[in-house]
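The block underneath contains the structure these notes are about, expressed in structure tokens.
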Amino acid sequence: DAGVIQSPRHEVTEMGQEVTLRCKPISGHNSLFWYRQTMMRGLELLIYFNNNVPIDDSGMPEDRFSAKMPNASFSTLKIQPSEPRDSAVYFCASSFRVQETQYFGPGTRLLVL
Amino acid sequence: SQQGEEDPQALSIQEGENATMNCSYKTSINNLQWYRQNSGRGLVHLILIRSNEREKHSGRLRVTLDTSKKSSSLLITASRAADTASYFCATETQGGSEKLVFGKGTKLTVNP
């Protein structure tokens, strides 16, 4: 299995631009998670899906952030418009069930100038 | 708010020594998991211990759980330079959201 796949691995953009991060979970996993990691705030859960349905988006910082999971093998996290404070590493993770072991992707390192 | 808090924040030891990291949490849990993160990489699951278990082993890793003290420890025996990484505990709380909540991690450096 290829594991959780994220793209792009690195993104540099200017303030105000739209950013779209992509994730392909492990085949057969029913739960998908989006995290953000910074030095200041550590690892934060932004949103998670179960069977393609968003369950908890209480961690999404503001309306500029949105996430979709149109099918079991693909999810996107979009930031529009992006701001410098959004600079972080964004991780996608998947698991067979919500409470079980999570498998993390390699992350997308985002820099907003 | 953070559920699990690791202690210490940073730990530096020599190769061959044992490393102990602690995690304290606030509310009752169903299970507690430990993850490792190498620099620039995603987190990797190490071990899961359920609330009715007291100790679990996996290779050079030993995890203990004391639900009365709401704490867990991760022991790495005979450490190697390759164990250099950040270690996180994650808890799934009873009666609450099913999601895991991660601590801020302990940064372990093993010097050759």
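By order in the structure tokens, chains are A, B, ...; within a chain, residues start at 1; ligands start at 1, following the order shown.
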Mind checking which residues fall within 12 Å of Ser73 (chain B), counting only C-alpha atoms, ignoring those fewer than 5 positions away in the same chain, and posting them as a compact mmCIF listing (two decimals) with N, CA and C atoms, in the first residue's frame?
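As a result, around-v3.txt now contains:
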# COMPACT_ATOMS: atom_id res chain seq x y z
N GLY B 4 -3.83 15.85 26.29
CA GLY B 4 -2.60 15.23 26.77
C GLY B 4 -1.46 16.24 26.78
N GLU B 5 -0.66 16.19 27.82
CA GLU B 5 0.51 17.06 27.92
C GLU B 5 1.72 16.20 28.18
N GLU B 6 2.71 16.27 27.28
CA GLU B 6 3.92 15.48 27.46
C GLU B 6 4.94 16.21 28.33
N ASP B 7 5.75 15.41 28.97
CA ASP B 7 6.78 15.94 29.86
C ASP B 7 7.95 14.98 29.82
N PRO B 8 9.20 15.43 29.64
CA PRO B 8 9.57 16.84 29.47
C PRO B 8 9.31 17.32 28.05
N ALA B 19 15.22 6.15 27.70
CA ALA B 19 14.51 7.43 27.63
C ALA B 19 13.10 7.22 28.15
N THR B 20 12.69 8.08 29.05
CA THR B 20 11.34 8.02 29.59
C THR B 20 10.61 9.32 29.33
N MET B 21 9.44 9.22 28.73
CA MET B 21 8.61 10.38 28.48
C MET B 21 7.25 10.15 29.13
N ASN B 22 6.68 11.20 29.63
CA ASN B 22 5.42 11.10 30.36
C ASN B 22 4.32 11.90 29.68
N CYS B 23 3.10 11.44 29.90
CA CYS B 23 1.93 12.12 29.35
C CYS B 23 0.87 12.19 30.42
N SER B 24 0.36 13.38 30.68
CA SER B 24 -0.74 13.51 31.64
C SER B 24 -1.96 14.03 30.90
N TYR B 25 -3.12 13.62 31.34
CA TYR B 25 -4.35 14.04 30.68
C TYR B 25 -5.39 14.38 31.73
N LEU B 32 -5.23 5.37 24.91
CA LEU B 32 -4.16 6.36 24.76
C LEU B 32 -3.17 5.80 23.75
N GLN B 33 -2.74 6.64 22.84
CA GLN B 33 -1.81 6.19 21.79
C GLN B 33 -0.54 7.03 21.85
N TRP B 34 0.55 6.42 21.47
CA TRP B 34 1.82 7.14 21.32
C TRP B 34 2.23 7.11 19.85
N ILE B 47 2.15 2.69 19.49
CA ILE B 47 1.50 1.72 20.38
C ILE B 47 0.19 2.32 20.89
N ILE B 49 -2.70 1.76 24.02
CA ILE B 49 -3.01 1.08 25.28
C ILE B 49 -4.42 1.47 25.68
N ARG B 54 -2.66 -1.93 31.83
CA ARG B 54 -1.72 -1.19 32.69
C ARG B 54 -0.34 -1.07 32.04
N GLU B 55 -0.01 -2.05 31.20
CA GLU B 55 1.33 -2.02 30.60
C GLU B 55 1.27 -2.74 29.26
N LYS B 56 2.11 -2.25 28.33
CA LYS B 56 2.18 -2.87 27.03
C LYS B 56 3.59 -2.75 26.49
N HIS B 57 4.04 -3.77 25.77
CA HIS B 57 5.39 -3.78 25.24
C HIS B 57 5.35 -3.93 23.73
N LEU B 61 10.07 -0.70 23.22
CA LEU B 61 9.13 0.25 23.81
C LEU B 61 8.32 -0.40 24.92
N ARG B 62 8.16 0.36 26.00
CA ARG B 62 7.27 -0.08 27.07
C ARG B 62 6.39 1.09 27.45
N VAL B 63 5.08 0.87 27.42
CA VAL B 63 4.13 1.90 27.78
C VAL B 63 3.37 1.47 29.02
N THR B 64 3.22 2.39 29.95
CA THR B 64 2.41 2.13 31.13
C THR B 64 1.27 3.14 31.17
N LEU B 65 0.20 2.75 31.82
CA LEU B 65 -0.96 3.61 31.96
C LEU B 65 -1.47 3.53 33.39
N ASP B 66 -1.61 4.67 34.03
CA ASP B 66 -2.16 4.74 35.38
C ASP B 66 -3.40 5.63 35.31
N THR B 67 -4.56 5.01 35.23
CA THR B 67 -5.78 5.80 35.07
C THR B 67 -6.14 6.56 36.35
N TYR B 87 7.98 12.78 20.18
CA TYR B 87 7.03 11.73 20.58
C TYR B 87 5.78 12.39 21.15
N PHE B 88 4.63 11.94 20.66
CA PHE B 88 3.35 12.53 21.05
C PHE B 88 2.45 11.48 21.67
N CYS B 89 1.71 11.88 22.69
CA CYS B 89 0.63 11.04 23.15
C CYS B 89 -0.68 11.60 22.61
N THR B 106 7.22 15.50 23.09
CA THR B 106 8.56 15.56 23.70
C THR B 106 9.57 15.37 22.59
>> as an NGL selection string, please: every residue in chain A that a backbone DSSP assignment puts in strand (DSSP E or B).
In response: :A and (5-7 or 10-13 or 19-24 or 31-38 or 42-50 or 53-56 or 65-71 or 74-79 or 88-95 or 103-104 or 108-112)
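Using only C-alpha atoms, the smallest distance between any of A:Met15, A:Val53, A:Val98, A:Cys23 and Ser73 (chain A) comes from A:Cys23.
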Can you build me a table of chain B residues sitting at most 6 Å from chain A, with the closest atom pair per residue and its distance in Å to one decimal, using only C-alpha atoms, sorted by chain and residue number, as a Markdown table?
| residue | atom | partner | partner_atom | distance |
| --- | --- | --- | --- | --- |
| B:Arg41 | CA | A:Pro106 | CA | 5.3 |
| B:Gly42 | CA | A:Pro106 | CA | 4.7 |
| B:Leu43 | CA | A:Phe104 | CA | 5.7 |
| B:Glu98 | CA | A:Gln99 | CA | 5.9 |
| B:Lys104 | CA | A:Gly42 | CA | 5.2 |
Write out the residues from the selection above, keeping N, CA, C and O atoms, as a PDB file, in the first residue's frame.
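Contents of the output file again02.pdb:
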ATOM      1  N   ARG B  41       8.616  14.850   8.763  1.00  0.00           N
ATOM      2  CA  ARG B  41       7.780  13.726   8.323  1.00  0.00           C
ATOM      3  C   ARG B  41       6.428  13.750   9.043  1.00  0.00           C
ATOM      4  O   ARG B  41       6.206  14.512   9.992  1.00  0.00           O
ATOM      5  N   GLY B  42       5.531  12.882   8.605  1.00  0.00           N
ATOM      6  CA  GLY B  42       4.265  12.709   9.301  1.00  0.00           C
ATOM      7  C   GLY B  42       4.432  11.852  10.545  1.00  0.00           C
ATOM      8  O   GLY B  42       5.469  11.243  10.764  1.00  0.00           O
ATOM      9  N   LEU B  43       3.400  11.815  11.359  1.00  0.00           N
ATOM     10  CA  LEU B  43       3.457  11.020  12.583  1.00  0.00           C
ATOM     11  C   LEU B  43       3.297   9.539  12.259  1.00  0.00           C
ATOM     12  O   LEU B  43       2.568   9.171  11.343  1.00  0.00           O
ATOM     13  N   GLU B  98     -15.274  11.370  19.270  1.00  0.00           N
ATOM     14  CA  GLU B  98     -14.442  10.194  19.035  1.00  0.00           C
ATOM     15  C   GLU B  98     -13.038  10.572  18.612  1.00  0.00           C
ATOM     16  O   GLU B  98     -12.176   9.729  18.511  1.00  0.00           O
ATOM     17  N   LYS B 104       1.602  18.259  22.825  1.00  0.00           N
ATOM     18  CA  LYS B 104       2.582  19.050  22.070  1.00  0.00           C
ATOM     19  C   LYS B 104       3.894  18.306  21.857  1.00  0.00           C
ATOM     20  O   LYS B 104       4.752  18.777  21.129  1.00  0.00           O
TER      21      LYS B 104
END
> Skipping near chain neighbours, those fewer than 3 positions away, what residues fall within 12 Å of Asp57 (chain A) using only C-alpha atoms, listed as JSON, numbers by chain?
Replying inline: {"A": [33, 34, 35, 44, 45, 46, 47, 48, 49, 50, 53, 54, 60, 61, 62, 63, 65, 66, 67, 68, 77], "B": [97, 99]}
> In Å, with one decimal, what is the gap from CA of Ser51 (chain B) to CA of Phe96 (chain A)?
Replying inline: 20.2 Å
